[in-house]
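S.K.: The structure file structure.pdb (PDB, C-alpha atoms) is provided below.
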```pdb
ATOM      1  CA  MET A   1      10.700  29.793 -26.562
ATOM      2  CA  SER A   2      14.394  29.942 -25.781
ATOM      3  CA  ASP A   3      13.661  32.225 -22.836
ATOM      4  CA  TRP A   4      11.724  29.701 -20.844
ATOM      5  CA  GLN A   5      13.524  26.475 -21.767
ATOM      6  CA  PRO A   6      16.324  26.885 -19.211
ATOM      7  CA  ASP A   7      13.672  27.492 -16.545
ATOM      8  CA  VAL A   8      11.870  24.290 -17.480
ATOM      9  CA  ARG A   9      15.106  22.333 -17.229
ATOM     10  CA  SER A  10      15.818  23.888 -13.890
ATOM     11  CA  THR A  11      12.328  23.018 -12.625
ATOM     12  CA  LEU A  12      12.719  19.437 -13.798
ATOM     13  CA  ASP A  13      16.082  19.166 -12.089
ATOM     14  CA  THR A  14      14.565  20.495  -8.873
ATOM     15  CA  TRP A  15      11.728  18.035  -9.154
ATOM     16  CA  LYS A  16      14.192  15.170  -9.606
ATOM     17  CA  GLU A  17      16.172  16.364  -6.614
ATOM     18  CA  PHE A  18      12.935  16.566  -4.599
ATOM     19  CA  ASP A  19      11.959  13.078  -5.680
ATOM     20  CA  GLN A  20      15.366  11.665  -4.775
ATOM     21  CA  ASN A  21      15.417  13.323  -1.380
ATOM     22  CA  VAL A  22      17.135  11.181   1.248
ATOM     23  CA  ILE A  23      13.963  10.807   3.286
ATOM     24  CA  THR A  24      10.306  11.500   2.683
ATOM     25  CA  HIS A  25       8.156  13.643   4.932
ATOM     26  CA  SER A  26       6.607  10.494   6.392
ATOM     27  CA  ALA A  27      10.012   8.897   6.971
ATOM     28  CA  ALA A  28      11.253  12.019   8.752
ATOM     29  CA  HIS A  29       8.288  11.807  11.126
ATOM     30  CA  HIS A  30       8.885   8.112  11.794
ATOM     31  CA  LEU A  31      12.525   8.802  12.634
ATOM     32  CA  MET A  32      11.672  11.764  14.858
ATOM     33  CA  ALA A  33       8.956   9.768  16.630
ATOM     34  CA  ILE A  34      11.454   6.997  17.434
ATOM     35  CA  ASP A  35      13.971   9.570  18.643
ATOM     36  CA  ASP A  36      11.377  11.313  20.849
ATOM     37  CA  LEU A  37      10.034   8.038  22.277
ATOM     38  CA  VAL A  38      13.492   6.698  23.118
ATOM     39  CA  GLY A  39      14.204  10.024  24.806
ATOM     40  CA  GLU A  40      10.962   9.936  26.808
ATOM     41  CA  LEU A  41      10.459   6.231  27.554
ATOM     42  CA  GLY A  42      13.886   4.748  26.943
ATOM     43  CA  TYR A  43      12.441   2.528  24.224
ATOM     44  CA  ALA A  44      10.234   2.676  21.132
ATOM     45  CA  ARG A  45       8.033  -0.110  19.828
ATOM     46  CA  VAL A  46       6.034  -0.157  16.604
ATOM     47  CA  SER A  47       2.870   0.302  18.698
ATOM     48  CA  ASP A  48       4.330   3.391  20.398
ATOM     49  CA  VAL A  49       5.279   4.939  17.063
ATOM     50  CA  ALA A  50       1.818   4.144  15.671
ATOM     51  CA  ARG A  51       0.089   5.841  18.605
ATOM     52  CA  ARG A  52       2.462   8.806  18.511
ATOM     53  CA  LEU A  53       1.813   9.372  14.791
ATOM     54  CA  ASN A  54      -1.856   8.355  15.057
ATOM     55  CA  ILE A  55      -1.534   5.795  12.278
ATOM     56  CA  THR A  56      -1.852   2.017  12.122
ATOM     57  CA  ARG A  57       0.834  -0.460  13.138
ATOM     58  CA  GLY A  58       0.637  -1.846   9.623
ATOM     59  CA  SER A  59       1.621   1.518   8.169
ATOM     60  CA  VAL A  60       4.457   1.938  10.638
ATOM     61  CA  SER A  61       5.770  -1.581   9.921
ATOM     62  CA  ILE A  62       5.673  -1.022   6.153
ATOM     63  CA  SER A  63       7.270   2.429   6.442
ATOM     64  CA  LEU A  64      10.057   1.130   8.673
ATOM     65  CA  GLY A  65      11.151  -1.406   6.037
ATOM     66  CA  PRO A  66      13.103   1.018   3.837
ATOM     67  CA  LEU A  67      14.458   2.853   6.893
ATOM     68  CA  LYS A  68      15.873  -0.393   8.270
ATOM     69  CA  LYS A  69      17.286  -1.283   4.854
ATOM     70  CA  ALA A  70      18.928   2.145   4.653
ATOM     71  CA  GLY A  71      20.561   1.506   8.023
ATOM     72  CA  LEU A  72      18.776   4.394   9.747
ATOM     73  CA  VAL A  73      16.680   2.284  12.142
ATOM     74  CA  VAL A  74      17.668  -0.835  14.058
ATOM     75  CA  GLN A  75      15.257  -3.290  15.696
ATOM     76  CA  ASP A  76      16.583  -5.531  18.477
ATOM     77  CA  GLU A  77      15.469  -9.035  19.490
ATOM     78  CA  ASN A  78      12.804  -7.521  21.797
ATOM     79  CA  ARG A  79      11.427  -5.658  18.779
ATOM     80  CA  HIS A  80      12.502  -2.350  20.284
ATOM     81  CA  LEU A  81      13.439   0.297  17.756
ATOM     82  CA  ARG A  82      16.347   2.708  17.922
ATOM     83  CA  LEU A  83      18.100   5.030  15.541
ATOM     84  CA  SER A  84      21.526   4.140  14.192
ATOM     85  CA  PRO A  85      24.220   6.845  14.386
ATOM     86  CA  ALA A  86      23.313   7.753  10.784
ATOM     87  CA  GLY A  87      19.626   7.962  11.769
ATOM     88  CA  GLN A  88      20.462  10.132  14.768
ATOM     89  CA  ALA A  89      22.526  12.488  12.613
ATOM     90  CA  LEU A  90      19.684  12.734  10.123
ATOM     91  CA  VAL A  91      17.121  13.506  12.828
ATOM     92  CA  ALA A  92      19.419  16.103  14.413
ATOM     93  CA  GLY A  93      19.754  17.801  11.034
ATOM     94  CA  VAL A  94      16.005  17.749  10.370
ATOM     95  CA  LYS A  95      15.192  19.094  13.843
ATOM     96  CA  SER A  96      17.704  21.904  13.597
ATOM     97  CA  LYS A  97      16.342  22.873  10.182
ATOM     98  CA  ARG A  98      12.840  22.944  11.671
ATOM     99  CA  ASP A  99      14.064  25.204  14.502
ATOM    100  CA  LEU A 100      15.761  27.489  12.007
ATOM    101  CA  MET A 101      12.669  27.729   9.805
ATOM    102  CA  GLN A 102      10.429  28.359  12.811
ATOM    103  CA  ARG A 103      12.684  31.163  14.015
ATOM    104  CA  LEU A 104      12.892  32.717  10.566
ATOM    105  CA  LEU A 105       9.137  32.563  10.077
ATOM    106  CA  THR A 106       8.049  33.761  13.528
ATOM    107  CA  GLU A 107      10.787  36.074  14.719
ATOM    108  CA  VAL A 108      11.757  37.697  11.440
ATOM    109  CA  LEU A 109       8.774  37.372   9.119
ATOM    110  CA  GLY A 110       6.125  37.608  11.841
ATOM    111  CA  VAL A 111       4.200  34.488  10.781
ATOM    112  CA  GLY A 112       1.928  33.206  13.551
ATOM    113  CA  PRO A 113       3.480  30.415  15.660
ATOM    114  CA  GLU A 114       0.971  27.743  14.614
ATOM    115  CA  GLN A 115       1.342  28.455  10.896
ATOM    116  CA  ALA A 116       5.119  28.702  11.308
ATOM    117  CA  GLN A 117       5.169  25.289  12.986
ATOM    118  CA  ILE A 118       3.129  23.757  10.144
ATOM    119  CA  ASP A 119       5.291  25.314   7.420
ATOM    120  CA  ALA A 120       8.546  24.469   9.202
ATOM    121  CA  CYS A 121       7.316  20.880   9.474
ATOM    122  CA  LYS A 122       6.709  20.788   5.707
ATOM    123  CA  LEU A 123      10.160  22.141   4.904
ATOM    124  CA  GLU A 124      12.388  20.623   7.574
ATOM    125  CA  HIS A 125      13.405  17.534   5.612
ATOM    126  CA  LEU A 126      13.630  19.253   2.214
ATOM    127  CA  LEU A 127      15.889  22.172   3.046
ATOM    128  CA  SER A 128      19.446  21.734   1.778
ATOM    129  CA  ASN A 129      22.350  22.131   4.187
ATOM    130  CA  GLU A 130      23.558  25.085   2.134
ATOM    131  CA  THR A 131      20.263  26.978   2.487
ATOM    132  CA  ALA A 132      20.013  26.079   6.176
ATOM    133  CA  GLY A 133      23.524  27.427   6.647
ATOM    134  CA  ARG A 134      22.556  30.699   4.929
ATOM    135  CA  ILE A 135      19.451  31.059   7.088
ATOM    136  CA  LEU A 136      21.549  30.384  10.173
ATOM    137  CA  SER A 137      24.055  33.014   9.095
ATOM    138  CA  PHE A 138      21.222  35.509   8.441
ATOM    139  CA  LEU A 139      19.695  34.853  11.872
ATOM    140  CA  GLN A 140      23.114  35.259  13.478
ATOM    141  CA  PHE A 141      23.458  38.600  11.701
ATOM    142  CA  LEU A 142      20.108  39.668  13.147
ATOM    143  CA  ASP A 143      21.092  38.247  16.538
ATOM    144  CA  SER A 144      24.226  40.376  16.530
ATOM    145  CA  GLY A 145      22.051  43.358  17.452
ATOM    146  CA  SER A 146      23.807  45.599  14.968
ATOM    147  CA  GLY A 147      22.014  48.787  14.038
ATOM    148  CA  ARG A 148      21.963  47.784  10.380
ATOM    149  CA  ALA A 149      20.202  44.528  11.183
ATOM    150  CA  ARG A 150      17.572  46.370  13.222
ATOM    151  CA  GLU A 151      17.106  48.933  10.441
ATOM    152  CA  LEU A 152      16.729  46.210   7.841
ATOM    153  CA  VAL A 153      13.940  44.388   9.676
ATOM    154  CA  GLU A 154      12.185  47.556  10.763
ATOM    155  CA  ALA A 155      12.313  48.976   7.236
ATOM    156  CA  TRP A 156      10.764  45.819   5.868
ATOM    157  CA  ARG A 157       8.048  45.754   8.521
ATOM    158  CA  ALA A 158       7.252  49.420   7.960
ATOM    159  CA  SER A 159       6.980  48.888   4.194
ATOM    160  CA  ALA A 160       4.384  46.162   4.540
ATOM    161  CA  PRO A 161       2.616  46.417   7.906
ATOM    162  CA  GLU A 162      -0.079  43.965   6.820
ATOM    163  CA  LEU A 163       2.588  41.246   6.618
ATOM    164  CA  GLY A 164       3.098  41.518  10.334
ATOM    165  CA  ARG A 165      -0.299  39.965  10.970
ATOM    166  CA  GLY A 166       0.374  36.273  11.229
ATOM    167  CA  SER A 167      -2.375  33.688  11.541
ATOM    168  CA  GLY A 168      -1.299  32.966  15.089
ATOM    169  CA  SER A 169      -1.228  35.044  18.205
ATOM    170  CA  ARG A 170       1.996  36.941  17.575
ATOM    171  CA  PRO A 171       1.389  40.717  17.563
ATOM    172  CA  ALA A 172       1.804  42.538  14.283
ATOM    173  CA  ALA A 173       5.039  44.369  13.539
ATOM    174  CA  ASP A 174       6.781  43.360  16.743
ATOM    175  CA  SER A 175       9.586  45.821  17.164
ATOM    176  CA  SER A 176      11.999  43.411  18.836
ATOM    177  CA  LEU A 177      14.645  41.594  16.863
ATOM    178  CA  PRO A 178      15.260  37.834  16.916
ATOM    179  CA  GLY A 179      18.361  38.173  19.058
ATOM    180  CA  GLN A 180      16.362  39.739  21.856
ATOM    181  CA  LYS A 181      14.318  36.600  22.396
ATOM    182  CA  ALA A 182      15.116  33.204  23.815
ATOM    183  CA  SER A 183      16.208  30.977  20.957
ATOM    184  CA  ALA A 184      16.893  27.344  20.265
ATOM    185  CA  GLU A 185      20.324  26.229  19.145
ATOM    186  CA  PRO A 186      19.939  26.756  15.431
ATOM    187  CA  ASN A 187      23.241  25.292  14.332
ATOM    188  CA  LYS A 188      22.906  21.878  15.944
ATOM    189  CA  GLY A 189      23.503  19.263  13.303
ATOM    190  CA  ILE A 190      23.923  21.723  10.466
ATOM    191  CA  THR A 191      26.901  21.234   8.265
ATOM    192  CA  ARG A 192      28.103  23.927   5.960
TER     193      ARG A 192
ATOM    194  CA  MET B 193     -16.364  -4.586  32.769
ATOM    195  CA  SER B 194     -13.369  -2.977  31.126
ATOM    196  CA  SER B 195     -11.902   0.098  32.767
ATOM    197  CA  LEU B 196     -12.072   1.845  29.402
ATOM    198  CA  THR B 197     -14.902   4.272  28.723
ATOM    199  CA  LYS B 198     -17.221   3.636  25.807
ATOM    200  CA  SER B 199     -15.471   6.228  23.669
ATOM    201  CA  GLU B 200     -12.085   4.652  24.486
ATOM    202  CA  LEU B 201     -13.437   1.234  23.485
ATOM    203  CA  VAL B 202     -14.720   2.699  20.234
ATOM    204  CA  ALA B 203     -11.322   4.315  19.621
ATOM    205  CA  GLU B 204      -9.640   0.922  20.149
ATOM    206  CA  LEU B 205     -12.007  -0.730  17.685
ATOM    207  CA  ASN B 206     -11.572   2.110  15.193
ATOM    208  CA  ARG B 207      -7.826   1.488  15.271
ATOM    209  CA  LEU B 208      -8.424  -2.191  14.496
ATOM    210  CA  PHE B 209     -10.924  -1.209  11.792
ATOM    211  CA  ALA B 210      -8.229   0.942  10.134
ATOM    212  CA  GLU B 211      -5.664  -1.893  10.444
ATOM    213  CA  GLU B 212      -7.997  -4.302   8.633
ATOM    214  CA  VAL B 213      -9.123  -1.880   5.923
ATOM    215  CA  GLU B 214      -5.530  -0.855   5.216
ATOM    216  CA  ALA B 215      -4.479  -4.516   5.154
ATOM    217  CA  ALA B 216      -7.259  -5.285   2.652
ATOM    218  CA  LEU B 217      -6.150  -2.435   0.402
ATOM    219  CA  ARG B 218      -2.533  -3.578   0.631
ATOM    220  CA  TYR B 219      -3.555  -7.103  -0.379
ATOM    221  CA  LEU B 220      -5.521  -5.701  -3.316
ATOM    222  CA  TYR B 221      -2.512  -3.627  -4.347
ATOM    223  CA  LEU B 222      -0.118  -6.548  -3.984
ATOM    224  CA  VAL B 223      -2.292  -8.811  -6.157
ATOM    225  CA  HIS B 224      -1.575  -6.443  -9.045
ATOM    226  CA  ALA B 225       1.938  -5.315  -8.098
ATOM    227  CA  VAL B 226       3.531  -8.777  -8.140
ATOM    228  CA  ARG B 227       5.803  -9.354 -11.120
ATOM    229  CA  GLY B 228       7.478 -12.501 -12.389
ATOM    230  CA  ILE B 229       6.353 -15.998 -13.220
ATOM    231  CA  ASN B 230       5.601 -16.842  -9.591
ATOM    232  CA  HIS B 231       2.817 -14.297  -9.409
ATOM    233  CA  LEU B 232       0.444 -17.093 -10.411
ATOM    234  CA  LEU B 233       1.398 -18.960  -7.252
ATOM    235  CA  VAL B 234       0.859 -16.131  -4.789
ATOM    236  CA  GLU B 235      -2.142 -14.480  -6.416
ATOM    237  CA  PRO B 236      -4.683 -16.836  -4.780
ATOM    238  CA  VAL B 237      -3.028 -16.322  -1.379
ATOM    239  CA  LEU B 238      -3.194 -12.555  -1.739
ATOM    240  CA  LYS B 239      -6.778 -12.607  -2.994
ATOM    241  CA  LYS B 240      -7.800 -14.796  -0.061
ATOM    242  CA  GLY B 241      -6.053 -12.354   2.273
ATOM    243  CA  PHE B 242      -7.980  -9.485   0.693
ATOM    244  CA  GLN B 243     -11.328 -11.253   1.174
ATOM    245  CA  GLU B 244     -10.606 -12.203   4.768
ATOM    246  CA  THR B 245      -9.346  -8.799   5.869
ATOM    247  CA  ILE B 246     -12.389  -7.092   4.327
ATOM    248  CA  GLU B 247     -14.595  -9.526   6.268
ATOM    249  CA  HIS B 248     -12.686  -8.769   9.481
ATOM    250  CA  ALA B 249     -13.099  -5.050   8.864
ATOM    251  CA  GLU B 250     -16.822  -5.548   8.447
ATOM    252  CA  VAL B 251     -17.114  -7.536  11.669
ATOM    253  CA  ILE B 252     -15.280  -4.799  13.576
ATOM    254  CA  ALA B 253     -17.503  -2.137  12.007
ATOM    255  CA  HIS B 254     -20.538  -4.078  13.284
ATOM    256  CA  LYS B 255     -18.987  -4.208  16.778
ATOM    257  CA  ILE B 256     -18.525  -0.430  16.705
ATOM    258  CA  ARG B 257     -22.138   0.049  15.622
ATOM    259  CA  ALA B 258     -23.268  -2.318  18.366
ATOM    260  CA  LEU B 259     -21.634   0.069  20.848
ATOM    261  CA  GLY B 260     -23.876   2.814  19.459
ATOM    262  CA  ALA B 261     -21.125   4.543  17.510
ATOM    263  CA  VAL B 262     -20.354   5.064  13.842
ATOM    264  CA  PRO B 263     -17.060   3.614  12.546
ATOM    265  CA  SER B 264     -14.471   6.295  11.904
ATOM    266  CA  LEU B 265     -11.807   5.543   9.343
ATOM    267  CA  LYS B 266      -8.474   7.346   9.321
ATOM    268  CA  LEU B 267      -6.223   5.772   6.736
ATOM    269  CA  ASN B 268      -2.554   6.357   6.091
ATOM    270  CA  LEU B 269      -1.803   3.904   3.381
ATOM    271  CA  ALA B 270       1.881   3.044   3.212
ATOM    272  CA  LEU B 271       1.987   0.476   0.396
ATOM    273  CA  GLY B 272       5.649  -0.413   0.105
ATOM    274  CA  PRO B 273       7.624  -0.793  -3.150
ATOM    275  CA  ASP B 274       6.027  -0.247  -6.586
ATOM    276  CA  LYS B 275       7.067  -3.596  -8.040
ATOM    277  CA  VAL B 276       7.582  -6.741  -6.038
ATOM    278  CA  ASP B 277       8.286 -10.361  -6.777
ATOM    279  CA  ALA B 278       6.249 -13.169  -5.231
ATOM    280  CA  LYS B 279       8.532 -13.597  -2.219
ATOM    281  CA  GLU B 280       8.632  -9.876  -1.500
ATOM    282  CA  ALA B 281       4.833  -9.725  -1.707
ATOM    283  CA  LEU B 282       4.531 -12.475   0.901
ATOM    284  CA  GLU B 283       7.108 -10.748   3.108
ATOM    285  CA  ILE B 284       5.133  -7.493   2.926
ATOM    286  CA  ALA B 285       1.902  -9.360   3.705
ATOM    287  CA  LEU B 286       3.629 -11.009   6.668
ATOM    288  CA  THR B 287       4.799  -7.598   7.912
ATOM    289  CA  PHE B 288       1.296  -6.105   8.034
ATOM    290  CA  GLU B 289      -0.372  -9.329   9.221
ATOM    291  CA  GLU B 290       2.073  -9.459  12.162
ATOM    292  CA  ALA B 291       1.314  -5.804  12.835
ATOM    293  CA  ALA B 292      -2.427  -6.580  12.849
ATOM    294  CA  LEU B 293      -1.889  -9.532  15.188
ATOM    295  CA  GLU B 294       0.071  -7.314  17.592
ATOM    296  CA  ALA B 295      -2.660  -4.682  17.384
ATOM    297  CA  TYR B 296      -5.260  -7.274  18.492
ATOM    298  CA  GLN B 297      -2.973  -8.469  21.304
ATOM    299  CA  ASP B 298      -2.487  -4.879  22.418
ATOM    300  CA  THR B 299      -6.241  -4.261  22.363
ATOM    301  CA  LEU B 300      -6.860  -7.430  24.380
ATOM    302  CA  ARG B 301      -4.649  -6.071  27.167
ATOM    303  CA  ARG B 302      -6.461  -2.750  27.132
ATOM    304  CA  ILE B 303     -10.016  -4.099  27.213
ATOM    305  CA  GLU B 304      -9.404  -6.606  30.006
ATOM    306  CA  GLY B 305     -12.635  -7.152  31.944
ATOM    307  CA  ASP B 306     -15.057  -6.698  29.031
ATOM    308  CA  VAL B 307     -15.702 -10.438  28.592
ATOM    309  CA  PRO B 308     -17.733 -10.451  25.332
ATOM    310  CA  LEU B 309     -15.286  -8.112  23.641
ATOM    311  CA  GLU B 310     -12.348 -10.055  25.055
ATOM    312  CA  GLU B 311     -13.753 -13.236  23.532
ATOM    313  CA  PHE B 312     -14.207 -11.559  20.176
ATOM    314  CA  ILE B 313     -10.653 -10.199  20.206
ATOM    315  CA  ARG B 314      -9.297 -13.615  21.258
ATOM    316  CA  SER B 315     -11.067 -15.258  18.313
ATOM    317  CA  GLN B 316      -9.541 -12.654  16.005
ATOM    318  CA  ILE B 317      -6.111 -13.336  17.495
ATOM    319  CA  VAL B 318      -6.535 -17.024  16.661
ATOM    320  CA  VAL B 319      -7.428 -16.204  13.050
ATOM    321  CA  GLU B 320      -4.630 -13.651  12.663
ATOM    322  CA  SER B 321      -2.132 -16.091  14.181
ATOM    323  CA  GLU B 322      -3.159 -18.642  11.558
ATOM    324  CA  HIS B 323      -2.611 -16.070   8.781
ATOM    325  CA  VAL B 324       0.836 -15.269  10.099
ATOM    326  CA  ALA B 325       1.705 -18.965  10.398
ATOM    327  CA  GLU B 326       0.489 -19.652   6.838
ATOM    328  CA  LEU B 327       2.548 -16.813   5.414
ATOM    329  CA  LYS B 328       5.627 -17.891   7.343
ATOM    330  CA  GLN B 329       5.184 -21.432   6.061
ATOM    331  CA  LEU B 330       4.879 -20.237   2.466
ATOM    332  CA  LEU B 331       8.025 -18.181   2.840
ATOM    333  CA  VAL B 332       9.939 -21.183   4.154
ATOM    334  CA  GLU B 333       8.725 -23.486   1.389
TER     335      GLU B 333
END
```
Here is the file; what I need is its structure written in the form of structure tokens.
M.R.:
Amino acid sequence: MSDWQPDVRSTLDTWKEFDQNVITHSAAHHLMAIDDLVGELGYARVSDVARRLNITRGSVSISLGPLKKAGLVVQDENRHLRLSPAGQALVAGVKSKRDLMQRLLTEVLGVGPEQAQIDACKLEHLLSNETAGRILSFLQFLDSGSGRARELVEAWRASAPELGRGSGSRPAADSSLPGQKASAEPNKGITR
Amino acid sequence: MSSLTKSELVAELNRLFAEEVEAALRYLYLVHAVRGINHLLVEPVLKKGFQETIEHAEVIAHKIRALGAVPSLKLNLALGPDKVDAKEALEIALTFEEAALEAYQDTLRRIEGDVPLEEFIRSQIVVESEHVAELKQLLVE
């Protein structure tokens, strides 16, 4: 009994933390859609966000309410939406966490690109800054091209060759290391 | 005739269908989510909104069937806060009614040239505009 009680408490604490996350998955996508649209078109309207996310205007309008209240989204007199500096910082953080997760999953763990994109999308807004910082540090270690980093990844791949078969098109047990491939800027927006 | 293909027209109508069905479900939710003494005052307004949006959804579904297609419903139901007072409920209703009105206006621009459909959408815009005006009036009073 006493063995599992601390675990239960820990799980409950994690659940509370999850529930009190700054933004929900849906909110993260609304913010990123506004950011992308402003970047592409120079403006973002509710209708543009609705089409981008393939949902109704009603849903977008309702979802934007709390984001406006939280000061993350601003709507001007022409009903054009933009992110506040706080919203921009949040989106930058979420995007960099997605990039980090995608790199970790595809380049290190060999998960197929499509599955990696889906999983990174699920995790991007939930990952703590501390964990993102650790992943970044780990990827930088692999990027350093040191012999130990290469040995580590190759040893893992050799021990479980079946893990190299991702659901996407990436070849199994790719012998190259993350640092030998083009990479996004993983540390953009990450605070440690 | 509209420059849109039949499948594009159906997609437009399916979007409106989803707007109306979601609006109906939001009204239904709001009827039961309103707290406080004033819930008695707004309940009839919300129930009327529920009835009317369901009827609108049905009319749009018939239009889709008249085009030889089957209505396709993709819902993403953002409901808003768990508990609301009467004023908040009306504000939420105004938010999604305005969104529906804009959706009809947007569709009208896209289907330009398809006179019967244009007329139908115009009539819906009139009705939606009345809903928005009623809600705004209630919020002022």
S.K.: Once the PyMOL selection byres ((chain B and resi 275) around 8) has been applied to the shown file, what residues remain in the selection, as a list in words?
M.R.: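 Applying the expression gives Ala225, Val226, Arg227, Pro273, Asp274, Val276 and Asp277 of chain B.
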S.K.: Work out how far apart atom CA of Ala258 of chain B and atom CA of Thr197 of chain B are and give it in Å to one decimal.
M.R.: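 Value for the atom CA of Ala258 of chain B-atom CA of Thr197 of chain B distance: 14.9 Å.
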S.K.: Output as number ranges by chain the set of chain A residues within 8 Å of chain B, with distances taken over only C-alpha atoms.
M.R.: A: 47, 55-63
S.K.: Going by the chain IDs and residue numbers used in this file, which residues fall under the PyMOL selection byres ((chain B and resi 317) around 10)? Write them as an NGL selection string.
M.R.: :B and (292-297 or 300 or 311-316 or 318-323)
S.K.: Write a file of the just-selected residues containing C-alpha atoms, as a short mmCIF file (atom, residue, chain, number, x, y, z; two decimals), in the coordinates of the input.
M.R.:
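Result file is again.cif:
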```
data_model
loop_
_atom_site.label_atom_id
_atom_site.label_comp_id
_atom_site.auth_asym_id
_atom_site.auth_seq_id
_atom_site.Cartn_x
_atom_site.Cartn_y
_atom_site.Cartn_z
CA ALA B 292 -2.43 -6.58 12.85
CA LEU B 293 -1.89 -9.53 15.19
CA GLU B 294 0.07 -7.31 17.59
CA ALA B 295 -2.66 -4.68 17.38
CA TYR B 296 -5.26 -7.27 18.49
CA GLN B 297 -2.97 -8.47 21.30
CA LEU B 300 -6.86 -7.43 24.38
CA GLU B 311 -13.75 -13.24 23.53
CA PHE B 312 -14.21 -11.56 20.18
CA ILE B 313 -10.65 -10.20 20.21
CA ARG B 314 -9.30 -13.62 21.26
CA SER B 315 -11.07 -15.26 18.31
CA GLN B 316 -9.54 -12.65 16.00
CA VAL B 318 -6.54 -17.02 16.66
CA VAL B 319 -7.43 -16.20 13.05
CA GLU B 320 -4.63 -13.65 12.66
CA SER B 321 -2.13 -16.09 14.18
CA GLU B 322 -3.16 -18.64 11.56
CA HIS B 323 -2.61 -16.07 8.78
#
```
S.K.: Residue by residue, what does the PyMOL selection byres ((chain A and resi 70-85) around 12) grab here? Present the result as a PyMOL selection string.
M.R.: (chain A and resi 22-23+27-28+30-39+41-49+60-61+63-69+86-92) or (chain B and resi 291+294)
S.K.: Can you measure atom CA of Val153 of chain A to atom CA of Glu107 of chain A for me? One decimal in Å is fine.
M.R.: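 Going from atom CA of Val153 of chain A over to atom CA of Glu107 of chain A covers 10.2 Å.
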S.K.: I'd like the interatomic distance between atom CA of Leu286 of chain B and atom CA of Leu331 of chain B, to a tenth of an Å.
M.R.: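 Calculated distance between atom CA of Leu286 of chain B and atom CA of Leu331 of chain B is 9.2 Å.
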S.K.: Find the residues near segment 115-124 of chain A: any atom within 6 Å, counting only C-alpha atoms, skip ones fewer than 5 places away on the same chain, and give them as a list in words.
M.R.: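 These residues fall inside the cut-off: Val94, Lys97, Arg98, Met101, Gln102 and Leu105 of chain A.
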S.K.: I'd like the neighbourhood of segment 244-253 of chain B as number ranges by chain, where a residue qualifies if any of its atoms comes within 8 Å (using only C-alpha atoms), though same-chain residues fewer than 2 positions away should be ignored.
M.R.: B: 205-206, 208-210, 212-213, 215-216, 240-242, 255-257, 262-263
S.K.: Identify the residues around (19.8, 30.7, 13.5) within a radius of 6 Å, measuring from only C-alpha atoms in the coordinates stated by the file, and give them as an mmCIF file with C-alpha atoms, keeping the file's coordinate frame.
M.R.:
```cif
data_model
loop_
_atom_site.group_PDB
_atom_site.id
_atom_site.type_symbol
_atom_site.label_atom_id
_atom_site.label_comp_id
_atom_site.auth_asym_id
_atom_site.auth_seq_id
_atom_site.Cartn_x
_atom_site.Cartn_y
_atom_site.Cartn_z
ATOM 1 C CA LEU A 100 15.761 27.489 12.007
ATOM 2 C CA LEU A 136 21.549 30.384 10.173
ATOM 3 C CA LEU A 139 19.695 34.853 11.872
ATOM 4 C CA GLN A 140 23.114 35.259 13.478
ATOM 5 C CA PRO A 186 19.939 26.756 15.431
#
```
S.K.: Go ahead and fit an axis-aligned box to every listed atom of segment 208-221 of chain B plus 4 Å each side, and pass me the centre and edge lengths in Å, one decimal, as JSON.
M.R.:
```
{"center_x": -6.7, "center_y": -3.1, "center_z": 5.1, "size_x": 16.4, "size_y": 16.0, "size_z": 26.8}
```
S.K.: Output file request: segment 67-76 of chain A, with N, CA and C atoms, as a compact mmCIF listing (two decimals), in the first residue's frame.
M.R.:
```
# COMPACT_ATOMS: atom_id res chain seq x y z
N LEU A 67 -8.55 33.54 -25.10
CA LEU A 67 -7.22 33.97 -25.55
C LEU A 67 -7.13 35.50 -25.56
N LYS A 68 -8.25 36.15 -25.89
CA LYS A 68 -8.27 37.62 -25.84
C LYS A 68 -8.21 38.08 -24.39
N LYS A 69 -9.00 37.39 -23.55
CA LYS A 69 -9.02 37.75 -22.12
C LYS A 69 -7.64 37.60 -21.49
N ALA A 70 -6.92 36.57 -21.93
CA ALA A 70 -5.58 36.31 -21.38
C ALA A 70 -4.53 37.25 -21.97
N GLY A 71 -4.96 38.09 -22.91
CA GLY A 71 -4.02 39.06 -23.49
C GLY A 71 -3.08 38.45 -24.50
N LEU A 72 -3.44 37.30 -25.07
CA LEU A 72 -2.56 36.65 -26.05
C LEU A 72 -2.93 37.04 -27.48
N VAL A 73 -4.21 37.39 -27.68
CA VAL A 73 -4.70 37.77 -29.01
C VAL A 73 -5.38 39.13 -28.92
N VAL A 74 -5.14 39.94 -29.94
CA VAL A 74 -5.76 41.28 -30.00
C VAL A 74 -6.55 41.37 -31.30
N GLN A 75 -7.75 41.95 -31.22
CA GLN A 75 -8.56 42.14 -32.43
C GLN A 75 -8.76 43.65 -32.63
N ASP A 76 -8.42 44.14 -33.83
CA ASP A 76 -8.53 45.59 -34.06
C ASP A 76 -9.93 45.96 -34.55
```
